[in-house]
Amino acid sequence: MGDFFASLVKSRSGLFGFVLLTLLVLVAIFAPLLGLASPIRGDLLARLSPPTWTGPFNPGPHPLGTDEVGRDVLSRIVHGSRLTLMIAATAVVLGGVVGTLLGIAAGFYGGIVDRVLMRLVDIQLALPLMLLALLVVAALGPSFNNLIIVLALTSWIRYARIIRGQVLSLREREFVQSAHAIGASTVRIMLRHILPNVLTPALVVATLELARIIIMDAALSFLGLGVQPPSPSWGRMLADGRVYISTAWWIVTFPGLTILLTVLSVNLLGDWLRDYFDPKLRTSR
Amino acid sequence: MIRFMAGKLLEAAIAIWGVVTIVFFVSRVLGDPAVLLLPLGATDAQLEALRASLGLDQPILVQYFSSLGAMLRGDFGISFQHMRPALDVVLERMPATAILAFSALVLGVLIGAVAGTIAALNRGKLAELIVMSAALLGQATPVFWLGLMLILFFSVQLGWLPSAGSGTWWHLILPAITLAVFVSASIARLLRSSLLEILGEDYVRTARAKGLLPQTIFTWHVARNALIPVVTMIGIIAGELLGGSVVTETVFGWPGVGRLIVQAIQNQDFPVIQAGVAVVAIIFVFINLAIDLLYGVLDPRIRGER
């Protein structure tokens, strides 16, 4: 563990990502304690007021300004981060568990199981992920749960591919062979001997997927297919603020900047994790 | 070579079959097609009538094969909104998307190739740091937000370029740049690491030892080999472009297939959604097929595999 943090501190970009992400998560967790204005009820008298720091005459305590119905932009960003991080984290875990288990099954059993699963992966890859997401949201209807399902659905293939590759070499290793020899059941070998050895690559994939999922979540919300109003979501804020872009630049600027910083911090952390755990994964993207 | 091409064609055919199957199952199994296919506010009697006429009372496999046949013939049903065959509505919008995606691809690959080469040849210098930081930012920037920021700067503040619509080449500039940024960021990062790897290869050292000119080495020994992963990457990027065009077209009001699909979802125009997704996916399959074949030309070692 000490070695882990020493390496993190040495990689400046990894540390930057780690600190930024930790900060974001802490703010999201403690959002209700921060004393922010309501993210849902607006102050109509203060509608479209610019950020406080842009001039001395701006009314009200709105550090990042207000939107078209007078809701505090900062508060909506902070509360939106709760939603985004919850959706993204759940989708990453869901896609990760399904993808990892299927990847282990494909690599371990080989033969027909492997061929069917990998063919499934190939077929799903023939459909650009965004279009798959649109199709499924169109059929299921937009909601919190459906959004998570859709995002996880676009994600499992990445885990399945990489984990399968790892398992192919793991199953020939001595400790797996000896587990076979002493009569351990297949399920036991997969869960006790194979699974712990693929957790690291799964974690690396998960970090990279987290960044992709956050952007896709924002894009779907932007198109009106994410969590429905009045829940504050980053993508939705951009879609609503678009109409006021010529008079109120702050509504579209700050939520997007937040998405950028979040994704950047996850990417930096992910790049570092990949290099730390396995420099060889670098080439396989 | 013929076996290689035949194998790739077969794979493409399987992929298209798979896409059509996914479209069928998502629409028939996840949602109730009668509800999806009728406009909002249809009565129960209308729903029943439609179920019977669509054969939704038939076993699922019978339905599957009949709709598979229909889709392969290009029959996706009639758009409620446009009252015309859904496929026609989609194909009309195709040129706009093709122009946008192609301009973005060319622009992105050019910028990315130059930036990646600069970064690789200036290892450890300031130029590398700048290019790589810009690429990291470019990859983390949501496409639609970048579009909004470009509108804010070039249309609202400076008034140089139109913020939305189509018709002139001026309208193409902002959406194309928006889409190109992500492409160039990915290409720059990939090309840099690919170049660095190849610059360390033995055959490059041999070429240097032979006293070949640096330009000759770069063109014939380094660049050609470094391009192979980039060509593969273009297949992945084409998917990102086709998906990214959905949001970009919405931001800029560009009359392409992406915007059509989003509008169709908002209007519950399911035939158009199906046709749009299927057409784009089939184009994507063909792009990847072309890349696979090109890959075989660039790197003769690939052909032998499988």
# chains A, B, ... in the order shown; residues from 1 in each chain; ligands from 1

call {"tool": "residues_around", "arguments": {"residues": "segment 285-290 of chain B", "least_positions_apart": "5", "cutoff": "7 Å", "atoms": "only C-alpha atoms", "output": "list in words"}}
result
Ala126 of chain A; Lys8, Ala12, Ala15 and Gly235 of chain B

call {"tool": "interface_residues", "arguments": {"of": "chain A", "to": "chain B", "cutoff": "6 Å", "atoms": "only C-alpha atoms", "output": "number ranges by chain"}}
result
A: 123, 126-128, 130, 138-140, 246, 256, 260, 263-264

call {"tool": "atom_distance", "arguments": {"atom1": "atom CA of Pro85 of chain B", "atom2": "atom CA of Gly69 of chain B"}}
result
16.0 Å

call {"tool": "atom_distance", "arguments": {"atom1": "atom CA of Ala113 of chain B", "atom2": "atom CA of Ala185 of chain B"}}
result
9.6 Å

call {"tool": "atom_distance", "arguments": {"atom1": "atom CA of Thr200 of chain A", "atom2": "atom CA of Gly270 of chain A"}}
result
12.0 Å
